[in-house]
Amino acid sequence: MTAPLPANTPSHPSALTIAGSDSGGGAGIQADLKTFAAHRVHGLSALAALTAQHTRGVTAVHVPDTDFLRAQIDACFDDFDVRAVKLGMLANADVILAVADALEHYRPEYVVLDPVMVATSGARLLEASALDAMRTRLLPLASLVTPNLPEAELLLGTAIDDLDGMRAALDGLSALGARAVLLKGGHLPGQGDVVDLFVDGMQVREIAHARLQVDAHGTGCTLASAVAANLCLGRSLEDACVAAADYVHAALRLGYRPGRSEVLVLDHFGAAPHD
């Protein structure tokens, strides 16, 4: 029989998402919390933005004041064993600076930064003035950054056209202060496998999956959240990235269409790991 824990001791690891809410339920904080739950990790959330959104696009964005955002973050760290923090949509420089201040104060073991800048629909989700704050304040605090190719191009100011360009981008992102990078290759044209590149300063690893000919919503949010969840469960950073990529591929393969568009939403629980 397991002995009871001492009073006031957290009994379960938690992952905190600081990101935007998706009213359509397919991306953002909603996807993050589903991902945490599918991995049997307790999910916490601090809303940095609210979007009016569905599978066809983003129609409005509201950004709460930073004092309220900090209050949410403080409440989470005050009561829970926060093992990993996942960062998603942080719409402007004030929000980025507030989040960076909080991370510097609490120093969580892992920070997974999904540098959300452009929605799948093409809507811009990061103000141009915030790009420098993203580069200078958040990238150095991140254990891992998970950009897609358009996001990496914005961060670096250069085009990425092929796998060699992706490898060069890893060097550029590392030079900006990223300790580890999972660069997502789904935007490269072609019919072959989708190849993501992981680098941690010591090695570069290719993570390949068969390309699925579908239009989907929430894959980037889900990938970063799955990495955070796997880190909470004790996996190494490399293993967490591989497991997260496998999870997203399975969730995408099982995806469904809840809206009136052809855009898929991921099946988080159908893809849930069973080990």
# chains A, B, ... in the order shown; residues from 1 in each chain; ligands from 1
call {"tool": "residues_around", "arguments": {"residues": "stretch 261-266 of chain A", "least_positions_apart": "3", "cutoff": "7 Å", "atoms": "only C-alpha atoms", "output": "JSON list (two decimals) with C-alpha atoms, in the first residue's frame"}}
result
[["chain", "number", "residue", "atom", "x", "y", "z"],
["A", 26, "GLY", "CA", -8.96, 22.86, -32.62],
["A", 55, "THR", "CA", -11.79, 26.06, -38.93],
["A", 56, "ARG", "CA", -12.08, 28.73, -41.64],
["A", 215, "ASP", "CA", -5.43, 20.35, -44.47],
["A", 216, "ALA", "CA", -5.28, 20.39, -40.68],
["A", 217, "HIS", "CA", -5.60, 22.78, -37.75],
["A", 218, "GLY", "CA", -3.67, 22.79, -34.49],
["A", 251, "ALA", "CA", -3.66, 12.30, -34.27],
["A", 252, "LEU", "CA", -3.60, 13.78, -37.77],
["A", 254, "LEU", "CA", -7.23, 9.94, -37.16],
["A", 255, "GLY", "CA", -8.41, 13.54, -37.59],
["A", 256, "TYR", "CA", -12.00, 14.54, -38.20],
["A", 257, "ARG", "CA", -13.94, 17.52, -39.62]]
call {"tool": "select_by_dssp", "arguments": {"residues": "stretch 23-186 of chain A", "states": "strand (DSSP E)", "output": "VMD selection string"}}
result
chain A and resid 42 to 54 57 to 62 82 to 87 110 to 113 144 to 145 181 to 183
call {"tool": "atom_distance", "arguments": {"atom1": "atom CA of A:Val111", "atom2": "atom CA of A:Ser143"}}
result
5.1 Å
call {"tool": "residues_around", "arguments": {"residues": "A:Arg107", "least_positions_apart": "4", "cutoff": "12 Å", "atoms": "only C-alpha atoms", "output": "JSON, numbers by chain"}}
result
{"A": [77, 82, 83, 84, 85, 99, 100, 101, 102, 103, 111, 141, 142, 143]}
call {"tool": "closest_residue", "arguments": {"among": "A:Asn230, A:Ser21, A:Ser174, A:Gln213", "to": "A:Val199", "atoms": "only C-alpha atoms"}}
result
A:Ser174
call {"tool": "select_by_dssp", "arguments": {"residues": "stretch 3-237 of chain A", "states": "alpha helix (DSSP H)", "output": "PyMOL selection string"}}
result
chain A and resi 28-38+66-79+93-106+131-133+149-156+163-175+219-232+237
call {"tool": "decode", "arguments": {"residues": "stretch 127-142 of chain A", "atoms": "N, CA, C and O atoms", "output": "mmCIF file, in the first residue's frame"}}
result
data_model
loop_
_atom_site.group_PDB
_atom_site.id
_atom_site.type_symbol
_atom_site.label_atom_id
_atom_site.label_comp_id
_atom_site.auth_asym_id
_atom_site.auth_seq_id
_atom_site.Cartn_x
_atom_site.Cartn_y
_atom_site.Cartn_z
ATOM 1 N N GLU A 127 2.199 40.766 -33.580
ATOM 2 C CA GLU A 127 2.482 42.101 -34.075
ATOM 3 C C GLU A 127 3.955 42.205 -34.492
ATOM 4 O O GLU A 127 4.845 41.638 -33.855
ATOM 5 N N ALA A 128 4.201 42.958 -35.560
ATOM 6 C CA ALA A 128 5.564 43.061 -36.090
ATOM 7 C C ALA A 128 6.538 43.591 -35.043
ATOM 8 O O ALA A 128 7.699 43.170 -34.983
ATOM 9 N N SER A 129 6.075 44.492 -34.184
ATOM 10 C CA SER A 129 6.954 45.081 -33.170
ATOM 11 C C SER A 129 7.374 44.079 -32.116
ATOM 12 O O SER A 129 8.316 44.321 -31.349
ATOM 13 N N ALA A 130 6.684 42.941 -32.052
ATOM 14 C CA ALA A 130 6.981 41.935 -31.028
ATOM 15 C C ALA A 130 8.088 40.980 -31.459
ATOM 16 O O ALA A 130 8.593 40.213 -30.632
ATOM 17 N N LEU A 131 8.469 41.014 -32.717
ATOM 18 C CA LEU A 131 9.422 40.026 -33.227
ATOM 19 C C LEU A 131 10.772 40.133 -32.510
ATOM 20 O O LEU A 131 11.385 39.127 -32.150
ATOM 21 N N ASP A 132 11.210 41.357 -32.263
ATOM 22 C CA ASP A 132 12.497 41.531 -31.584
ATOM 23 C C ASP A 132 12.437 41.021 -30.155
ATOM 24 O O ASP A 132 13.387 40.394 -29.663
ATOM 25 N N ALA A 133 11.317 41.260 -29.477
ATOM 26 C CA ALA A 133 11.155 40.751 -28.109
ATOM 27 C C ALA A 133 11.160 39.229 -28.095
ATOM 28 O O ALA A 133 11.707 38.610 -27.177
ATOM 29 N N MET A 134 10.557 38.624 -29.108
ATOM 30 C CA MET A 134 10.577 37.167 -29.225
ATOM 31 C C MET A 134 12.020 36.665 -29.359
ATOM 32 O O MET A 134 12.436 35.714 -28.681
ATOM 33 N N ARG A 135 12.785 37.320 -30.224
ATOM 34 C CA ARG A 135 14.170 36.897 -30.456
ATOM 35 C C ARG A 135 15.038 37.087 -29.211
ATOM 36 O O ARG A 135 15.815 36.205 -28.853
ATOM 37 N N THR A 136 14.925 38.254 -28.577
ATOM 38 C CA THR A 136 15.898 38.617 -27.554
ATOM 39 C C THR A 136 15.533 38.178 -26.146
ATOM 40 O O THR A 136 16.427 37.933 -25.321
ATOM 41 N N ARG A 137 14.229 38.040 -25.840
ATOM 42 C CA ARG A 137 13.843 37.718 -24.479
ATOM 43 C C ARG A 137 13.383 36.269 -24.308
ATOM 44 O O ARG A 137 13.683 35.638 -23.291
ATOM 45 N N LEU A 138 12.657 35.747 -25.291
ATOM 46 C CA LEU A 138 12.092 34.401 -25.102
ATOM 47 C C LEU A 138 13.008 33.291 -25.614
ATOM 48 O O LEU A 138 13.141 32.249 -24.963
ATOM 49 N N LEU A 139 13.599 33.486 -26.783
ATOM 50 C CA LEU A 139 14.448 32.416 -27.329
ATOM 51 C C LEU A 139 15.533 31.970 -26.338
ATOM 52 O O LEU A 139 15.727 30.767 -26.149
ATOM 53 N N PRO A 140 16.220 32.890 -25.663
ATOM 54 C CA PRO A 140 17.264 32.431 -24.731
ATOM 55 C C PRO A 140 16.717 31.704 -23.499
ATOM 56 O O PRO A 140 17.470 30.995 -22.831
ATOM 57 N N LEU A 141 15.435 31.883 -23.194
ATOM 58 C CA LEU A 141 14.837 31.225 -22.031
ATOM 59 C C LEU A 141 14.290 29.843 -22.369
ATOM 60 O O LEU A 141 13.938 29.073 -21.465
ATOM 61 N N ALA A 142 14.196 29.524 -23.649
ATOM 62 C CA ALA A 142 13.528 28.296 -24.074
ATOM 63 C C ALA A 142 14.476 27.103 -24.025
ATOM 64 O O ALA A 142 15.614 27.183 -24.487
#
